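Data file: final_2.txt. Format and content: compact mmCIF, C-alpha atoms and all ligand atoms.
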# COMPACT_ATOMS: atom_id res chain seq x y z
CA MET A 1 -26.02 -26.74 19.39
CA LYS A 2 -25.68 -27.33 23.14
CA ARG A 3 -21.95 -27.55 23.82
CA ILE A 4 -18.95 -25.95 22.14
CA GLY A 5 -15.26 -26.73 22.55
CA LEU A 6 -12.41 -24.26 22.77
CA ILE A 7 -8.64 -24.55 22.38
CA THR A 8 -5.62 -22.27 22.06
CA SER A 9 -3.06 -23.61 19.61
CA GLY A 10 0.40 -22.79 18.18
CA GLY A 11 2.58 -20.02 19.61
CA ASP A 12 1.02 -18.16 22.52
CA ALA A 13 0.03 -14.54 21.91
CA PRO A 14 -0.92 -11.84 24.43
CA GLY A 15 -4.71 -11.54 24.43
CA MET A 16 -5.41 -15.27 24.12
CA ASN A 17 -6.75 -15.23 27.68
CA ALA A 18 -8.98 -12.28 26.90
CA ALA A 19 -10.35 -14.26 23.94
CA ILE A 20 -10.96 -17.34 26.12
CA ARG A 21 -12.83 -15.17 28.60
CA ALA A 22 -14.98 -13.62 25.88
CA ILE A 23 -15.81 -16.99 24.32
CA VAL A 24 -16.72 -18.66 27.61
CA ARG A 25 -18.83 -15.78 28.88
CA SER A 26 -20.56 -15.19 25.52
CA ALA A 27 -21.39 -18.89 25.28
CA CYS A 28 -22.79 -18.92 28.85
CA ASN A 29 -24.87 -15.82 28.10
CA LEU A 30 -26.24 -17.47 24.95
CA GLY A 31 -27.22 -20.65 26.82
CA LEU A 32 -24.35 -22.83 25.56
CA GLU A 33 -22.08 -25.10 27.58
CA VAL A 34 -18.31 -24.87 27.05
CA THR A 35 -15.51 -27.40 27.32
CA GLY A 36 -11.90 -26.27 27.06
CA GLY A 37 -9.21 -28.56 25.65
CA TYR A 38 -5.68 -28.27 27.05
CA ARG A 39 -2.47 -27.82 25.03
CA GLY A 40 -4.16 -27.23 21.69
CA TYR A 41 -4.79 -30.25 19.48
CA GLN A 42 -2.61 -32.39 21.73
CA GLY A 43 -5.20 -32.15 24.51
CA LEU A 44 -7.92 -33.31 22.10
CA LEU A 45 -5.80 -36.37 21.36
CA GLU A 46 -5.02 -37.08 24.99
CA ASN A 47 -8.52 -36.41 26.32
CA GLU A 48 -7.45 -33.45 28.43
CA PHE A 49 -10.68 -31.49 28.77
CA LYS A 50 -12.22 -29.20 31.35
CA VAL A 51 -15.80 -27.99 31.59
CA MET A 52 -15.72 -24.20 31.95
CA ASP A 53 -18.15 -21.67 33.34
CA ARG A 54 -18.05 -17.91 33.73
CA HIS A 55 -16.03 -18.21 36.95
CA SER A 56 -13.31 -20.28 35.22
CA VAL A 57 -12.27 -17.15 33.35
CA SER A 58 -12.26 -14.60 36.18
CA ASN A 59 -9.26 -12.32 36.47
CA ILE A 60 -7.52 -13.41 33.26
CA ILE A 61 -8.29 -10.61 30.78
CA GLN A 62 -5.05 -8.84 31.70
CA ARG A 63 -2.76 -11.88 31.68
CA GLY A 64 -0.38 -13.00 28.91
CA GLY A 65 0.05 -16.66 27.95
CA THR A 66 -3.02 -18.91 27.94
CA ILE A 67 -4.76 -20.64 30.83
CA LEU A 68 -5.60 -23.50 28.45
CA LYS A 69 -1.90 -23.91 27.57
CA THR A 70 -0.83 -24.39 23.98
CA ALA A 71 1.28 -26.69 21.83
CA ARG A 72 2.18 -27.58 18.26
CA SER A 73 0.96 -31.16 17.76
CA GLU A 74 2.80 -33.44 15.34
CA GLU A 75 0.22 -36.23 15.70
CA PHE A 76 -2.66 -33.98 14.68
CA MET A 77 -0.96 -33.39 11.32
CA HIS A 78 -1.97 -36.93 10.27
CA PRO A 79 -5.54 -37.98 9.32
CA GLU A 80 -5.50 -40.77 11.93
CA GLY A 81 -4.70 -38.23 14.65
CA ARG A 82 -7.50 -35.95 13.52
CA ALA A 83 -9.94 -38.87 13.49
CA ARG A 84 -9.02 -39.72 17.06
CA ALA A 85 -9.34 -36.10 18.16
CA ALA A 86 -12.80 -35.93 16.53
CA GLU A 87 -13.88 -39.10 18.32
CA ASN A 88 -12.81 -37.61 21.66
CA LEU A 89 -14.64 -34.35 20.86
CA ARG A 90 -17.84 -36.31 20.13
CA GLN A 91 -17.50 -38.24 23.36
CA GLN A 92 -17.40 -34.92 25.20
CA GLY A 93 -20.61 -33.88 23.45
CA ILE A 94 -18.81 -31.05 21.66
CA GLU A 95 -20.74 -30.02 18.54
CA GLY A 96 -18.59 -27.13 17.37
CA LEU A 97 -15.01 -26.00 18.05
CA VAL A 98 -13.45 -22.55 18.41
CA VAL A 99 -9.73 -22.53 17.64
CA ILE A 100 -7.70 -19.54 18.85
CA GLY A 101 -4.40 -19.53 16.97
CA GLY A 102 -2.45 -18.78 13.82
CA ASP A 103 -1.94 -20.23 10.35
CA GLY A 104 -0.74 -23.71 11.34
CA SER A 105 -3.64 -24.08 13.76
CA PHE A 106 -6.11 -23.02 11.07
CA ARG A 107 -4.72 -25.52 8.59
CA GLY A 108 -5.38 -28.23 11.17
CA ALA A 109 -8.86 -26.87 11.89
CA THR A 110 -9.72 -26.81 8.18
CA LEU A 111 -8.74 -30.46 7.79
CA LEU A 112 -10.56 -31.51 10.97
CA SER A 113 -13.77 -29.97 9.71
CA GLU A 114 -13.39 -31.30 6.14
CA GLU A 115 -12.58 -34.86 7.20
CA GLN A 116 -14.64 -35.21 10.35
CA ASP A 117 -17.56 -32.87 9.78
CA ILE A 118 -17.01 -30.91 12.97
CA PRO A 119 -17.89 -27.21 12.57
CA VAL A 120 -14.91 -24.95 13.35
CA VAL A 121 -14.48 -21.20 13.74
CA GLY A 122 -11.06 -19.56 13.99
CA VAL A 123 -10.08 -16.60 16.16
CA PRO A 124 -6.84 -15.05 14.83
CA ALA A 125 -4.16 -14.86 17.52
CA THR A 126 -0.49 -14.67 16.63
CA ILE A 127 2.18 -12.04 17.19
CA ASP A 128 3.20 -12.46 13.51
CA ASN A 129 0.05 -10.74 12.13
CA ASP A 130 0.36 -12.96 9.05
CA LEU A 131 -3.28 -14.02 8.57
CA ALA A 132 -5.38 -12.68 5.70
CA GLY A 133 -8.94 -11.64 6.63
CA THR A 134 -8.14 -9.42 9.59
CA ASP A 135 -6.38 -6.06 9.77
CA ILE A 136 -4.53 -7.19 12.86
CA THR A 137 -4.29 -10.41 14.84
CA ILE A 138 -4.68 -10.69 18.60
CA GLY A 139 -1.25 -10.32 20.19
CA TYR A 140 0.32 -8.26 17.45
CA ASP A 141 -0.18 -4.87 19.08
CA THR A 142 1.31 -6.05 22.38
CA ALA A 143 4.29 -7.72 20.69
CA LEU A 144 4.89 -4.59 18.66
CA ASN A 145 4.97 -2.39 21.74
CA THR A 146 7.15 -4.83 23.66
CA ALA A 147 9.65 -4.89 20.80
CA LEU A 148 9.51 -1.12 20.38
CA ASP A 149 10.18 -0.56 24.07
CA ALA A 150 13.24 -2.83 23.84
CA ILE A 151 14.50 -1.14 20.66
CA ASP A 152 14.17 2.31 22.25
CA LYS A 153 16.39 1.09 25.07
CA ILE A 154 18.92 -0.33 22.64
CA ARG A 155 18.97 3.03 20.87
CA ASP A 156 20.12 4.66 24.13
CA THR A 157 23.13 2.36 24.26
CA ALA A 158 23.78 2.65 20.52
CA ASP A 159 23.82 6.41 20.92
CA ALA A 160 25.92 6.43 24.09
CA HIS A 161 28.63 4.26 22.47
CA ASP A 162 28.26 5.40 18.83
CA ARG A 163 27.50 1.83 17.87
CA LEU A 164 25.70 0.00 15.12
CA PHE A 165 23.07 -2.41 16.41
CA LEU A 166 21.44 -5.16 14.39
CA VAL A 167 18.20 -5.95 16.21
CA GLU A 168 16.33 -9.09 15.21
CA VAL A 169 12.58 -9.28 15.73
CA MET A 170 10.20 -12.21 15.33
CA GLY A 171 7.55 -12.72 12.66
CA ARG A 172 8.53 -16.07 11.15
CA ASP A 173 8.39 -15.39 7.37
CA ALA A 174 6.44 -12.13 7.68
CA GLY A 175 7.86 -8.64 8.22
CA PHE A 176 5.01 -6.88 10.03
CA ILE A 177 6.77 -6.52 13.40
CA ALA A 178 10.00 -5.44 11.70
CA LEU A 179 8.33 -2.83 9.51
CA ASP A 180 6.23 -1.22 12.23
CA THR A 181 8.91 -1.25 14.92
CA GLY A 182 11.49 -0.05 12.40
CA LEU A 183 9.39 2.92 11.37
CA ALA A 184 8.32 3.70 14.95
CA SER A 185 11.86 3.54 16.33
CA GLY A 186 13.40 5.62 13.55
CA ALA A 187 15.63 2.74 12.46
CA GLU A 188 18.22 3.57 9.81
CA MET A 189 17.38 0.37 7.91
CA ILE A 190 14.63 -2.25 7.98
CA LEU A 191 15.22 -5.67 6.44
CA LEU A 192 12.08 -7.57 5.51
CA PRO A 193 11.40 -11.06 4.15
CA GLU A 194 9.00 -9.50 1.64
CA SER A 195 11.78 -7.63 -0.18
CA LEU A 196 15.16 -8.75 -1.47
CA THR A 197 18.13 -7.99 0.77
CA ASP A 198 21.59 -7.86 -0.72
CA VAL A 199 24.38 -7.84 1.86
CA GLU A 200 26.52 -5.54 -0.33
CA ASP A 201 23.64 -3.05 -0.53
CA VAL A 202 23.35 -3.13 3.25
CA ARG A 203 27.07 -2.51 3.52
CA SER A 204 27.05 0.47 1.15
CA SER A 205 23.95 1.98 2.77
CA LEU A 206 25.60 1.71 6.18
CA SER A 207 28.73 3.37 4.80
CA SER A 208 26.76 6.30 3.44
CA ILE A 209 24.87 6.59 6.74
CA LEU A 210 28.26 6.84 8.45
CA LYS A 211 29.27 9.63 6.08
CA GLU A 212 26.13 11.54 7.07
CA GLN A 213 27.75 11.91 10.51
CA LYS A 214 25.14 9.76 12.19
CA ARG A 215 26.52 8.62 15.47
CA SER A 216 24.41 5.57 16.16
CA SER A 217 22.69 3.27 13.73
CA LEU A 218 19.94 0.76 14.19
CA VAL A 219 19.04 -1.92 11.69
CA VAL A 220 15.84 -3.83 12.42
CA VAL A 221 16.11 -7.29 10.88
CA ALA A 222 13.09 -9.57 10.53
CA GLU A 223 14.00 -13.11 11.56
CA GLY A 224 12.72 -14.36 8.20
CA ASP A 225 14.84 -11.95 6.15
CA GLU A 226 16.79 -13.72 3.42
CA THR A 227 20.15 -12.74 4.96
CA GLY A 228 19.37 -15.43 7.56
CA GLY A 229 18.79 -13.12 10.53
CA ALA A 230 20.88 -10.63 12.47
CA LEU A 231 23.71 -12.94 13.56
CA THR A 232 24.37 -14.25 10.06
CA LEU A 233 24.14 -10.77 8.63
CA ALA A 234 26.64 -9.48 11.20
CA SER A 235 29.19 -12.16 10.31
CA LYS A 236 28.72 -11.52 6.57
CA LEU A 237 29.21 -7.79 7.14
CA ARG A 238 32.32 -8.42 9.25
CA GLU A 239 33.82 -10.63 6.53
CA GLY A 240 33.89 -7.81 3.97
CA GLU A 241 35.38 -4.34 3.72
CA GLY A 242 34.12 -1.03 5.06
CA MET A 243 32.65 -1.99 8.40
CA SER A 244 35.76 -1.35 10.49
CA LYS A 245 34.52 2.12 11.50
CA TYR A 246 31.45 0.56 13.05
CA GLU A 247 31.46 -1.04 16.46
CA MET A 248 28.73 -3.56 15.75
CA ARG A 249 26.50 -5.48 18.17
CA VAL A 250 23.65 -7.92 17.62
CA CYS A 251 20.56 -8.17 19.79
CA ILE A 252 17.94 -10.87 19.21
CA LEU A 253 14.74 -9.93 21.00
CA GLY A 254 13.29 -13.46 20.86
CA HIS A 255 10.49 -14.71 23.07
CA ILE A 256 10.07 -11.56 25.17
CA GLN A 257 7.87 -10.52 22.23
CA ARG A 258 5.39 -13.30 23.01
CA GLY A 259 4.71 -12.62 26.69
CA GLY A 260 3.38 -9.84 28.86
CA ASN A 261 0.07 -8.20 29.63
CA PRO A 262 -1.96 -7.52 26.50
CA THR A 263 -2.47 -3.89 25.46
CA ALA A 264 -5.92 -2.33 25.54
CA ARG A 265 -6.10 -2.77 21.75
CA ASP A 266 -5.51 -6.52 22.05
CA ARG A 267 -7.99 -6.94 24.91
CA VAL A 268 -10.71 -5.11 23.03
CA LEU A 269 -10.01 -7.03 19.82
CA ALA A 270 -10.00 -10.38 21.67
CA SER A 271 -13.27 -9.55 23.43
CA ARG A 272 -14.93 -8.55 20.20
CA LEU A 273 -13.73 -11.51 18.16
CA GLY A 274 -14.38 -14.00 20.97
CA PHE A 275 -18.02 -12.95 21.12
CA ALA A 276 -18.27 -12.99 17.31
CA ALA A 277 -16.84 -16.52 17.16
CA VAL A 278 -19.56 -17.94 19.41
CA LYS A 279 -22.31 -16.14 17.48
CA THR A 280 -20.82 -17.38 14.22
CA LEU A 281 -20.88 -21.03 15.36
CA LEU A 282 -24.44 -20.64 16.64
CA ASP A 283 -25.51 -19.10 13.32
CA GLY A 284 -24.43 -22.32 11.62
CA HIS A 285 -21.21 -21.19 9.93
CA ASP A 286 -18.32 -23.59 9.49
CA ARG A 287 -14.66 -23.26 8.42
CA VAL A 288 -14.52 -19.49 8.79
CA MET A 289 -12.35 -17.08 10.73
CA VAL A 290 -13.73 -14.03 12.48
CA GLY A 291 -11.56 -10.99 11.80
CA GLU A 292 -11.64 -7.23 12.10
CA VAL A 293 -11.54 -5.32 8.82
CA ASN A 294 -12.02 -1.54 8.76
CA HIS A 295 -13.37 -1.62 12.32
CA SER A 296 -16.08 -4.20 11.51
CA VAL A 297 -16.21 -7.91 12.18
CA LYS A 298 -15.82 -9.90 8.98
CA LEU A 299 -15.95 -13.63 8.21
CA THR A 300 -13.31 -15.13 5.91
CA PRO A 301 -13.13 -18.75 4.71
CA LEU A 302 -10.60 -20.43 6.98
CA LYS A 303 -8.56 -21.79 4.09
CA MET A 304 -8.10 -18.32 2.65
CA THR A 305 -6.62 -16.98 5.91
CA TRP A 306 -3.52 -19.16 5.61
CA SER A 307 -3.29 -19.83 1.87
CA LYS A 308 -3.46 -16.16 0.82
CA LYS A 309 -0.39 -14.06 1.58
CA LYS A 310 -1.17 -10.97 3.62
CA ASP A 311 0.67 -8.01 2.10
CA ILE A 312 2.78 -5.64 4.09
CA ASP A 313 2.47 -1.94 3.33
CA PHE A 314 5.41 -1.10 1.06
CA GLU A 315 4.52 2.60 1.26
CA LEU A 316 5.45 2.45 4.95
CA ALA A 317 8.78 0.84 4.04
CA GLU A 318 9.45 3.70 1.61
CA LEU A 319 8.39 6.26 4.21
CA ALA A 320 10.86 4.78 6.70
CA LYS A 321 13.64 5.32 4.13
CA VAL A 322 12.62 8.95 3.58
CA LEU A 323 12.46 9.70 7.29
CA ARG A 324 15.59 7.97 8.50
O1 LIG B 1 4.47 -17.68 15.37
C1 LIG B 1 4.94 -17.00 16.50
C2 LIG B 1 6.43 -17.17 16.62
O2 LIG B 1 6.86 -16.48 17.78
C3 LIG B 1 7.25 -16.72 15.41
O3 LIG B 1 7.39 -15.32 15.34
C4 LIG B 1 8.53 -17.45 15.63
O4 LIG B 1 9.21 -17.67 14.41
C5 LIG B 1 8.07 -18.76 16.21
O5 LIG B 1 6.77 -18.53 16.76
C6 LIG B 1 8.95 -19.34 17.29
O6 LIG B 1 8.41 -20.56 17.66
P1 LIG B 1 8.85 -21.36 18.97
O7 LIG B 1 8.33 -20.63 20.15
O8 LIG B 1 8.22 -22.69 18.79
O9 LIG B 1 10.33 -21.39 18.95
Any chance you could put this one into structure tokens?
Ligand code: F6P
Amino acid sequence: MKRIGLITSGGDAPGMNAAIRAIVRSACNLGLEVTGGYRGYQGLLENEFKVMDRHSVSNIIQRGGTILKTARSEEFMHPEGRARAAENLRQQGIEGLVVIGGDGSFRGATLLSEEQDIPVVGVPATIDNDLAGTDITIGYDTALNTALDAIDKIRDTADAHDRLFLVEVMGRDAGFIALDTGLASGAEMILLPESLTDVEDVRSSLSSILKEQKRSSLVVVAEGDETGGALTLASKLREGEGMSKYEMRVCILGHIQRGGNPTARDRVLASRLGFAAVKTLLDGHDRVMVGEVNHSVKLTPLKMTWSKKKDIDFELAELAKVLR
């Protein structure tokens, strides 16, 4: 193998740049050439490539976003699109591709490799932490701390005004960010997509919390929770009885969770997995993801990373209830 390709795909995650840096520099050190594709799979379709060397990745380890840009490509979802992307990759002399991204990106990478016989290795990067085969994904730790910082600030206002805040965090259909920020912020309730949420139960729990003389209350709501998110939950709660004693506010944290400088944890993880991805391609592996499990690098079949549901830790959810 002489030349590898590299893209970032799907939602950006802090630490993607650190992974790009690690991949480019590891490849250079191992005698490989590297070509980056812009805007994920869309750049492969539109022939937007750039030859990279170790200087192309200077001064980016600390930056959020991705210097290669990212996108979700509709065209790549079709076999014809993938065939065209593969043709463009071959024209660039790219013999193996590293995809930095999340579940949707890995589905695409799996199909590209199956249909077009292009070796692919995945590097897990998504704030959602919803990929099996790695204890945490690149970007998760930063997003968690960004959300926690915001929730701590909201707690100040909740406390100052004796208010109830419903705070919605991202995660798509996974509750990792909600569970960890909820526990770490001392939230009175945490609503997760992985467990059933009944609005009447929420109402009666909030009423009993009020009786405990708690002055402020925080409910962390995962965006994928079955109530439909914090805004919908707030209007359902307002419709019924028993909430009049609460002055309720909703705060949706949104995309601030995706940006910002990566934490040390994310930079170290990205550096480690970036290096491992290049070695893995060179060693002749295909359709695998490099992950970190119990502090060691582990390879997992790419298909398994998105088809197998990664479990949240229900013991932590129970602990949050005990400690609230
Ligand atoms: O997958 C990352 C993520 O931020 C999810 O948590 C969220 O549901 C989604 O992407 C938002 O996507 P977009 O930025 O396309 O609105």
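Using only C-alpha atoms and all ligand atoms, we find that the residues with an atom at most 7 Å from any atom of ligand LIG 1 (chain B) are A:Gly11, A:Thr126, A:Ile127, A:Asp128, A:Met170, A:Gly171, A:Arg172, A:His255, A:Arg258.
A straight line drawn from atom CA of A:Tyr41 to atom CA of A:Met304 is 20.9 Å long.
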Out of A:Val322, A:Ile118, A:Ile312, A:Met16, which residue has the shortest atom-to-atom distance to A:Ile94 when counting only C-alpha atoms? A:Ile118
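Pairwise distance (atom CA of A:Glu80, atom CA of A:Glu95) equals 19.8 Å.
Proximity ranking of A:Ser113, A:Leu231, A:Met1, A:Asp311 relative to A:Gly31 places A:Met1 first, based on all atoms listed in the file.
Distances to A:Asp173 were evaluated for A:Val221, A:Ile61, A:Leu299, A:Ala160 using only C-alpha atoms, and the minimum falls at A:Val221.
Proximity ranking of A:Ala143, A:Ala13, A:Leu131, A:Val99 relative to A:Gln257 places A:Ala143 first, based on only C-alpha atoms.
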Find the residue from A:Ala174, A:Thr197, A:Val51, A:Leu302 that sits nearest to A:Glu226; use all atoms listed in the file when measuring. A:Thr197
Atom CA of A:Glu292 to atom CA of A:Arg267, straight-line distance in Å: 13.3 Å
Among A:Phe165, A:Trp306, A:Tyr38, A:Phe176, A:Gly108 is approached most closely, using all atoms listed in the file, by A:Trp306
Could you give me, as a PyMOL selection string, the residues within 7 Å of A:Gly64, counting all atoms listed in the file and dropping anything in the same chain fewer than 2 positions from it? chain A and resi 14-15+17+62+66+259-262
Just give me the residues with any atom within 10 Å of (29.3, 0.0, 18.6), file coordinates, counting all atoms listed in the file, written as a PDB file with C-alpha atoms, in the coordinates of the input.
ATOM      1  CA  THR A 157      23.130   2.360  24.260  1.00  0.00           C
ATOM      2  CA  ALA A 158      23.780   2.650  20.520  1.00  0.00           C
ATOM      3  CA  ASP A 159      23.820   6.410  20.920  1.00  0.00           C
ATOM      4  CA  ALA A 160      25.920   6.430  24.090  1.00  0.00           C
ATOM      5  CA  HIS A 161      28.630   4.260  22.470  1.00  0.00           C
ATOM      6  CA  ASP A 162      28.260   5.400  18.830  1.00  0.00           C
ATOM      7  CA  ARG A 163      27.500   1.830  17.870  1.00  0.00           C
ATOM      8  CA  LEU A 164      25.700   0.000  15.120  1.00  0.00           C
ATOM      9  CA  PHE A 165      23.070  -2.410  16.410  1.00  0.00           C
ATOM     10  CA  ARG A 215      26.520   8.620  15.470  1.00  0.00           C
ATOM     11  CA  SER A 216      24.410   5.570  16.160  1.00  0.00           C
ATOM     12  CA  SER A 217      22.690   3.270  13.730  1.00  0.00           C
ATOM     13  CA  LYS A 245      34.520   2.120  11.500  1.00  0.00           C
ATOM     14  CA  TYR A 246      31.450   0.560  13.050  1.00  0.00           C
ATOM     15  CA  GLU A 247      31.460  -1.040  16.460  1.00  0.00           C
ATOM     16  CA  MET A 248      28.730  -3.560  15.750  1.00  0.00           C
ATOM     17  CA  ARG A 249      26.500  -5.480  18.170  1.00  0.00           C
ATOM     18  CA  VAL A 250      23.650  -7.920  17.620  1.00  0.00           C
TER      19      VAL A 250
END
For a cut-off of 12 Å around (-4.7, -27.9, 12.7), file coordinates, pick out all residues using only C-alpha atoms and list them as an NGL selection string. :A and (7-10 or 40-42 or 44 or 71-79 or 81-82 or 85 or 97-115 or 120-122 or 287 or 302-303 or 306)
Compile the contact shell of stretch 178-180 of chain A as a PyMOL selection string: residues with an atom at most 12 Å away, counting only C-alpha atoms, same-chain residues fewer than 5 positions apart removed. chain A and resi 127-129+140-141+143-145+147-148+151+166-173+185-195+218-225+229+253+257+311-321
Keeping only C-alpha atoms, write those residues as a PDB file, in the coordinates of the input.
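The resulting file, out-v8.pdb, is reproduced below:
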ATOM      1  CA  ILE A 127       2.180 -12.040  17.190  1.00  0.00           C
ATOM      2  CA  ASP A 128       3.200 -12.460  13.510  1.00  0.00           C
ATOM      3  CA  ASN A 129       0.050 -10.740  12.130  1.00  0.00           C
ATOM      4  CA  TYR A 140       0.320  -8.260  17.450  1.00  0.00           C
ATOM      5  CA  ASP A 141      -0.180  -4.870  19.080  1.00  0.00           C
ATOM      6  CA  ALA A 143       4.290  -7.720  20.690  1.00  0.00           C
ATOM      7  CA  LEU A 144       4.890  -4.590  18.660  1.00  0.00           C
ATOM      8  CA  ASN A 145       4.970  -2.390  21.740  1.00  0.00           C
ATOM      9  CA  ALA A 147       9.650  -4.890  20.800  1.00  0.00           C
ATOM     10  CA  LEU A 148       9.510  -1.120  20.380  1.00  0.00           C
ATOM     11  CA  ILE A 151      14.500  -1.140  20.660  1.00  0.00           C
ATOM     12  CA  LEU A 166      21.440  -5.160  14.390  1.00  0.00           C
ATOM     13  CA  VAL A 167      18.200  -5.950  16.210  1.00  0.00           C
ATOM     14  CA  GLU A 168      16.330  -9.090  15.210  1.00  0.00           C
ATOM     15  CA  VAL A 169      12.580  -9.280  15.730  1.00  0.00           C
ATOM     16  CA  MET A 170      10.200 -12.210  15.330  1.00  0.00           C
ATOM     17  CA  GLY A 171       7.550 -12.720  12.660  1.00  0.00           C
ATOM     18  CA  ARG A 172       8.530 -16.070  11.150  1.00  0.00           C
ATOM     19  CA  ASP A 173       8.390 -15.390   7.370  1.00  0.00           C
ATOM     20  CA  SER A 185      11.860   3.540  16.330  1.00  0.00           C
ATOM     21  CA  GLY A 186      13.400   5.620  13.550  1.00  0.00           C
ATOM     22  CA  ALA A 187      15.630   2.740  12.460  1.00  0.00           C
ATOM     23  CA  GLU A 188      18.220   3.570   9.810  1.00  0.00           C
ATOM     24  CA  MET A 189      17.380   0.370   7.910  1.00  0.00           C
ATOM     25  CA  ILE A 190      14.630  -2.250   7.980  1.00  0.00           C
ATOM     26  CA  LEU A 191      15.220  -5.670   6.440  1.00  0.00           C
ATOM     27  CA  LEU A 192      12.080  -7.570   5.510  1.00  0.00           C
ATOM     28  CA  PRO A 193      11.400 -11.060   4.150  1.00  0.00           C
ATOM     29  CA  GLU A 194       9.000  -9.500   1.640  1.00  0.00           C
ATOM     30  CA  SER A 195      11.780  -7.630  -0.180  1.00  0.00           C
ATOM     31  CA  LEU A 218      19.940   0.760  14.190  1.00  0.00           C
ATOM     32  CA  VAL A 219      19.040  -1.920  11.690  1.00  0.00           C
ATOM     33  CA  VAL A 220      15.840  -3.830  12.420  1.00  0.00           C
ATOM     34  CA  VAL A 221      16.110  -7.290  10.880  1.00  0.00           C
ATOM     35  CA  ALA A 222      13.090  -9.570  10.530  1.00  0.00           C
ATOM     36  CA  GLU A 223      14.000 -13.110  11.560  1.00  0.00           C
ATOM     37  CA  GLY A 224      12.720 -14.360   8.200  1.00  0.00           C
ATOM     38  CA  ASP A 225      14.840 -11.950   6.150  1.00  0.00           C
ATOM     39  CA  GLY A 229      18.790 -13.120  10.530  1.00  0.00           C
ATOM     40  CA  LEU A 253      14.740  -9.930  21.000  1.00  0.00           C
ATOM     41  CA  GLN A 257       7.870 -10.520  22.230  1.00  0.00           C
ATOM     42  CA  ASP A 311       0.670  -8.010   2.100  1.00  0.00           C
ATOM     43  CA  ILE A 312       2.780  -5.640   4.090  1.00  0.00           C
ATOM     44  CA  ASP A 313       2.470  -1.940   3.330  1.00  0.00           C
ATOM     45  CA  PHE A 314       5.410  -1.100   1.060  1.00  0.00           C
ATOM     46  CA  GLU A 315       4.520   2.600   1.260  1.00  0.00           C
ATOM     47  CA  LEU A 316       5.450   2.450   4.950  1.00  0.00           C
ATOM     48  CA  ALA A 317       8.780   0.840   4.040  1.00  0.00           C
ATOM     49  CA  GLU A 318       9.450   3.700   1.610  1.00  0.00           C
ATOM     50  CA  LEU A 319       8.390   6.260   4.210  1.00  0.00           C
ATOM     51  CA  ALA A 320      10.860   4.780   6.700  1.00  0.00           C
ATOM     52  CA  LYS A 321      13.640   5.320   4.130  1.00  0.00           C
TER      53      LYS A 321
END
Could you give me, as number ranges by chain, the residues within 6 Å of stretch 284-286 of chain A, counting all atoms listed in the file and dropping anything in the same chain fewer than 3 positions from it? A: 119-120, 280-281
Box for stretch 220-239 of chain A: with edges along x, y and z, all listed atoms inside and 4 Å added on each side, what are the centre and edge lengths in Å to one decimal, as JSON?
{"center_x": 23.3, "center_y": -9.6, "center_z": 8.5, "size_x": 29.1, "size_y": 19.6, "size_z": 18.1}
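Using only C-alpha atoms, the contacts of A:Ala22 at a cut-off of 10 Å, with sequence neighbours closer than 4 positions omitted, comprise Met16, Asn17, Ala18, Ser26, Ala27, Cys28, Arg54, Val57, Ile61, Arg267, Val268, Ala270, Ser271, Arg272, Leu273, Gly274, Phe275, Ala276, Ala277 and Val278 of chain A.
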